[in-house]
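Down below is the structure, laid out as structure tokens.
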Amino acid sequence: MRPAETLFVSIASYRDSELIPTLKDMIVNAAHPEALRIAICWQHDEDISLFIDAGMTLCQSYIHSNNDIFVFEYQSARITILSVHYYHSQGACWARHMAEQFYNDETWFLQIDSHCRFIHHWDSEAITMMKSLQKRCPKPILSTYPPSYNPADEANRSAFISRLTFREFSPEGLPMLSSTTFSADEPPRCGYLAGGLIFAPGSFVLEVPNDPEIFFAGEEIAMAARAFTHGYDIHTPNKILLWHFYHRSEANKICVDHNNKAKENGSVDLAWWERDKVSKKRVRSLLGLESSPSEPGAYGHGKARTLAEFERRIGVHFCSQTVMPDVVGDARLSYFPDRSYSESDWLE
């Protein structure tokens, strides 16, 4: 019997040795593992026995769109794996997009990376936080950069919470993010979201799906702008829900595997930097920075609010690459409440 509330978990995993520990930790620490519907775009060069050896039961396998699909069960959680050789990967957002194809009207949505650890009953904590926010706004999102862990030293996990802030503009004019610590009795409003932790109503998958042509850079500002214009309100969790492994200097990376040599010998269709170039134009187009913008298709802005409203809320003007003083001052503001001043006053 399907639980009353289900949780769709989307994971993009690129040759990541932390995937299995992440899955186990997530499921073991869930209050309701039977409600988890986990979908993984598994970009790899390994055999599926990796999951069987970890104690997962293979329930089904089939081919869909020339890709192998494997369905496992582990402690009542359902895990669907889309198996793709890593040379066929097209980037982080493409992988997230592929995982999202397995969404099946679940109540809640969680997007994470494949290198995480979780608090006890993380799912109940997140849902409780979301339901509290829904009393104030109809479409809340929880997102931030989670604190860090290191698999080589699991006992020393970071114990602080942080909210996302503006750091600088990239050479392409894209806002780049950082974070700052805070404490609060409830989740504060924020203008930005992080690709490694998005918790939202399930409808988010359908309304703001990942753009498969965004390679990596610019993913977060693009998703934040699209979420805002679709009527979603981003908040920062006011307690730790999970940890993230950041300093992965030894990890396999697509920007190393998909190099010019791999393209020359026919292993990949495009080098990573070629996809990145297309990707950044799409993000610039979304932010109104391109004189000949890319066509966004289903990955453009919503109609609930405008891009100009988003700029006002985060205190950033994309075209001039300027920010409100409090964005880079001591306050490090990332969300400004509605104010009555005119457009000219705001620009001044």
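Every chain in the structure tokens takes a letter, A first, then B, and so on in the order presented; its residues are numbered from 1, and the ligands are numbered from 1 following the presented order.
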Residues within 10 Å of region 242-247 of chain A, only C-alpha atoms, excluding chain neighbours under 2 positions, as an NGL selection string: :A and (18 or 22 or 26 or 112-120 or 122 or 145-151 or 157-159 or 196-197 or 239-240 or 249-251)
If you keep N, CA, C and O atoms, can you produce a file of those selected residues as a compact mmCIF listing (two decimals), in the first residue's frame?
# COMPACT_ATOMS: atom_id res chain seq x y z
N GLU A 18 31.01 7.52 -2.75
CA GLU A 18 30.17 7.85 -1.59
C GLU A 18 28.69 7.55 -1.83
O GLU A 18 27.88 7.72 -0.92
N THR A 22 25.95 7.02 1.16
CA THR A 22 24.91 8.05 1.21
C THR A 22 23.53 7.42 1.23
O THR A 22 22.66 7.80 2.04
N MET A 26 20.96 7.66 4.41
CA MET A 26 19.69 8.32 4.20
C MET A 26 18.52 7.42 4.61
O MET A 26 17.59 7.86 5.31
N ILE A 112 19.46 16.11 -3.85
CA ILE A 112 20.74 16.14 -3.13
C ILE A 112 21.84 15.64 -4.07
O ILE A 112 21.58 15.12 -5.16
N ASP A 113 23.07 15.80 -3.63
CA ASP A 113 24.21 15.18 -4.30
C ASP A 113 24.43 13.79 -3.71
O ASP A 113 23.82 13.41 -2.72
N SER A 114 25.34 13.05 -4.31
CA SER A 114 25.54 11.65 -3.92
C SER A 114 26.60 11.47 -2.84
O SER A 114 27.13 10.38 -2.66
N HIS A 115 26.91 12.54 -2.11
CA HIS A 115 27.89 12.47 -1.02
C HIS A 115 27.34 13.27 0.17
O HIS A 115 27.68 14.45 0.35
N CYS A 116 26.48 12.61 0.94
CA CYS A 116 25.79 13.25 2.06
C CYS A 116 25.68 12.31 3.26
O CYS A 116 25.81 11.10 3.13
N ARG A 117 25.42 12.90 4.42
CA ARG A 117 25.03 12.17 5.62
C ARG A 117 23.82 12.88 6.22
O ARG A 117 23.62 14.08 5.98
N PHE A 118 23.02 12.17 7.03
CA PHE A 118 21.72 12.68 7.45
C PHE A 118 21.53 12.62 8.96
O PHE A 118 22.03 11.72 9.63
N ILE A 119 20.74 13.57 9.47
CA ILE A 119 20.36 13.52 10.87
C ILE A 119 19.32 12.41 11.07
O ILE A 119 18.71 11.93 10.11
N HIS A 120 19.10 12.02 12.31
CA HIS A 120 18.08 11.04 12.64
C HIS A 120 16.70 11.64 12.32
O HIS A 120 16.38 12.75 12.72
N TRP A 122 15.50 12.75 9.49
CA TRP A 122 15.63 13.94 8.66
C TRP A 122 14.36 14.22 7.86
O TRP A 122 14.01 15.39 7.63
N TYR A 145 23.49 25.58 1.60
CA TYR A 145 24.66 24.72 1.58
C TYR A 145 24.71 23.99 2.92
O TYR A 145 24.89 24.63 3.97
N PRO A 146 24.55 22.67 2.95
CA PRO A 146 24.61 21.95 4.23
C PRO A 146 26.01 22.05 4.84
O PRO A 146 27.00 22.29 4.12
N PRO A 147 26.12 21.86 6.15
CA PRO A 147 27.45 21.81 6.76
C PRO A 147 28.24 20.60 6.25
O PRO A 147 27.66 19.70 5.63
N SER A 148 29.52 20.56 6.54
CA SER A 148 30.39 19.57 5.91
C SER A 148 30.62 18.33 6.78
O SER A 148 30.52 18.39 8.01
N TYR A 149 30.92 17.24 6.11
CA TYR A 149 31.44 16.03 6.75
C TYR A 149 32.59 15.53 5.90
O TYR A 149 32.76 15.92 4.74
N ASN A 150 33.39 14.65 6.48
CA ASN A 150 34.48 14.01 5.75
C ASN A 150 34.40 12.52 6.04
O ASN A 150 34.45 12.11 7.21
N PRO A 151 34.26 11.67 5.02
CA PRO A 151 34.14 10.23 5.27
C PRO A 151 35.35 9.62 5.97
O PRO A 151 35.23 8.56 6.57
N ARG A 157 31.79 16.14 12.34
CA ARG A 157 30.94 16.84 11.39
C ARG A 157 30.69 18.27 11.86
O ARG A 157 30.57 18.52 13.06
N SER A 158 30.60 19.19 10.93
CA SER A 158 30.34 20.59 11.28
C SER A 158 28.99 20.72 11.97
O SER A 158 28.03 20.02 11.62
N ALA A 159 28.89 21.63 12.93
CA ALA A 159 27.68 21.74 13.75
C ALA A 159 26.96 23.06 13.55
O ALA A 159 26.07 23.40 14.33
N GLY A 196 22.68 21.26 -4.10
CA GLY A 196 22.93 20.09 -3.27
C GLY A 196 21.92 19.86 -2.17
O GLY A 196 22.01 18.86 -1.45
N LEU A 197 20.94 20.75 -2.01
CA LEU A 197 19.85 20.56 -1.04
C LEU A 197 18.66 21.41 -1.44
O LEU A 197 18.66 22.64 -1.27
N LYS A 239 17.73 24.44 11.13
CA LYS A 239 18.45 23.38 11.84
C LYS A 239 19.09 22.46 10.80
O LYS A 239 18.69 22.42 9.64
N ILE A 240 20.09 21.74 11.21
CA ILE A 240 20.78 20.83 10.30
C ILE A 240 19.85 19.69 9.91
O ILE A 240 19.21 19.06 10.76
N SER A 249 38.98 16.50 -3.52
CA SER A 249 40.07 16.69 -4.49
C SER A 249 40.42 15.41 -5.24
O SER A 249 40.90 15.46 -6.38
N GLU A 250 40.17 14.25 -4.63
CA GLU A 250 40.51 12.98 -5.28
C GLU A 250 39.33 12.39 -6.05
O GLU A 250 39.46 11.33 -6.66
N ALA A 251 38.19 13.05 -6.04
CA ALA A 251 36.98 12.49 -6.67
C ALA A 251 37.08 12.55 -8.19
O ALA A 251 37.75 13.43 -8.76
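Using only C-alpha atoms, the protein and nucleic acid residues lying no more than 8 Å from Thr165 (chain A), apart from those fewer than 5 places from it along its own chain, are Leu177, Ser178, Ser179, Thr180, Tyr192, Val327, Arg332, Leu333 and Ser334 of chain A.
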Residues from the last selection, N, CA and C atoms, saved as a PDB file, in the first residue's frame:
ATOM      1  N   LEU A 177      27.750  32.380  -5.409  1.00  0.00           N
ATOM      2  CA  LEU A 177      27.236  32.364  -4.053  1.00  0.00           C
ATOM      3  C   LEU A 177      28.268  31.901  -3.029  1.00  0.00           C
ATOM      4  N   SER A 178      28.051  32.331  -1.813  1.00  0.00           N
ATOM      5  CA  SER A 178      28.786  31.862  -0.650  1.00  0.00           C
ATOM      6  C   SER A 178      27.763  31.639   0.454  1.00  0.00           C
ATOM      7  N   SER A 179      28.211  31.551   1.688  1.00  0.00           N
ATOM      8  CA  SER A 179      27.262  31.375   2.787  1.00  0.00           C
ATOM      9  C   SER A 179      27.828  31.996   4.060  1.00  0.00           C
ATOM     10  N   THR A 180      26.936  32.268   4.991  1.00  0.00           N
ATOM     11  CA  THR A 180      27.332  32.814   6.282  1.00  0.00           C
ATOM     12  C   THR A 180      26.492  32.160   7.373  1.00  0.00           C
ATOM     13  N   TYR A 192      18.193  32.755  -2.579  1.00  0.00           N
ATOM     14  CA  TYR A 192      18.951  31.803  -3.387  1.00  0.00           C
ATOM     15  C   TYR A 192      18.655  30.360  -2.977  1.00  0.00           C
ATOM     16  N   VAL A 327      24.024  43.944   0.590  1.00  0.00           N
ATOM     17  CA  VAL A 327      24.329  42.612   0.044  1.00  0.00           C
ATOM     18  C   VAL A 327      25.771  42.227   0.341  1.00  0.00           C
ATOM     19  N   ARG A 332      25.138  41.222   4.988  1.00  0.00           N
ATOM     20  CA  ARG A 332      25.155  40.138   3.984  1.00  0.00           C
ATOM     21  C   ARG A 332      23.724  39.685   3.655  1.00  0.00           C
ATOM     22  N   LEU A 333      22.858  40.648   3.366  1.00  0.00           N
ATOM     23  CA  LEU A 333      21.459  40.324   3.087  1.00  0.00           C
ATOM     24  C   LEU A 333      21.323  39.573   1.767  1.00  0.00           C
ATOM     25  N   SER A 334      20.413  38.616   1.730  1.00  0.00           N
ATOM     26  CA  SER A 334      20.131  37.879   0.499  1.00  0.00           C
ATOM     27  C   SER A 334      18.652  37.924   0.155  1.00  0.00           C
TER      28      SER A 334
END
In Å to one decimal, how far is CA of Ser320 (chain A) from CA of Ser279 (chain A)? 21.1 Å
As number ranges by chain, list the residues of region 125-341 of chain A assigned to strand (DSSP E or B) by DSSP on the backbone atoms of this structure. A: 140-143, 148, 162-169, 175-181, 189, 194, 197-201, 233-235, 242-244, 316-317, 322-323
List every residue of region 113-267 of chain A that DSSP, applied to the backbone of this structure, places in alpha helix (DSSP H), and write the result as number ranges by chain. A: 122-133, 203-207, 219-229, 254-257, 260-264
What does the file look like for those residues with C-alpha atoms, as an mmCIF file, in the first residue's frame?
data_model
loop_
_atom_site.group_PDB
_atom_site.id
_atom_site.type_symbol
_atom_site.label_atom_id
_atom_site.label_comp_id
_atom_site.auth_asym_id
_atom_site.auth_seq_id
_atom_site.Cartn_x
_atom_site.Cartn_y
_atom_site.Cartn_z
ATOM 1 C CA TRP A 122 15.630 13.935 8.663
ATOM 2 C CA ASP A 123 12.491 13.367 6.578
ATOM 3 C CA SER A 124 10.070 14.103 9.428
ATOM 4 C CA GLU A 125 12.094 17.154 10.443
ATOM 5 C CA ALA A 126 12.044 18.574 6.907
ATOM 6 C CA ILE A 127 8.330 17.896 6.401
ATOM 7 C CA THR A 128 7.458 19.487 9.752
ATOM 8 C CA MET A 129 9.488 22.558 8.778
ATOM 9 C CA MET A 130 7.732 22.727 5.400
ATOM 10 C CA LYS A 131 4.237 22.397 6.845
ATOM 11 C CA SER A 132 4.975 25.217 9.263
ATOM 12 C CA LEU A 133 6.066 27.416 6.328
ATOM 13 C CA SER A 203 4.934 19.976 -7.732
ATOM 14 C CA PHE A 204 8.358 21.654 -7.938
ATOM 15 C CA VAL A 205 9.620 18.810 -10.150
ATOM 16 C CA LEU A 206 6.948 19.558 -12.741
ATOM 17 C CA GLU A 207 6.990 23.359 -12.539
ATOM 18 C CA GLU A 219 22.775 26.208 -12.067
ATOM 19 C CA GLU A 220 21.826 27.747 -8.724
ATOM 20 C CA ILE A 221 21.045 31.329 -9.763
ATOM 21 C CA ALA A 222 19.065 30.042 -12.760
ATOM 22 C CA MET A 223 17.000 27.696 -10.593
ATOM 23 C CA ALA A 224 16.432 30.390 -7.967
ATOM 24 C CA ALA A 225 15.160 32.878 -10.559
ATOM 25 C CA ARG A 226 12.872 30.290 -12.150
ATOM 26 C CA ALA A 227 11.554 29.134 -8.774
ATOM 27 C CA PHE A 228 10.779 32.727 -7.724
ATOM 28 C CA THR A 229 8.975 33.567 -10.964
ATOM 29 C CA ILE A 254 33.509 15.127 -15.639
ATOM 30 C CA CYS A 255 35.764 18.097 -16.427
ATOM 31 C CA VAL A 256 38.718 15.704 -16.256
ATOM 32 C CA ASP A 257 37.137 12.741 -18.068
ATOM 33 C CA ASN A 260 39.805 17.300 -25.610
ATOM 34 C CA LYS A 261 41.599 13.964 -25.926
ATOM 35 C CA ALA A 262 38.423 12.039 -25.054
ATOM 36 C CA LYS A 263 36.627 13.938 -27.813
ATOM 37 C CA GLU A 264 39.419 13.318 -30.322
#
Could you tell me how far CA of Asp68 (chain A) sits from CA of Ala95 (chain A), in Å to one decimal place?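 Computing it gives 14.6 Å between the two atoms.
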Which polymer residues have any atom within 9 Å of an atom of Gln43 (chain A), counting only C-alpha atoms, with same-chain residues fewer than 5 positions away left out, as a PyMOL selection string? chain A and resi 12-16+82-89+95
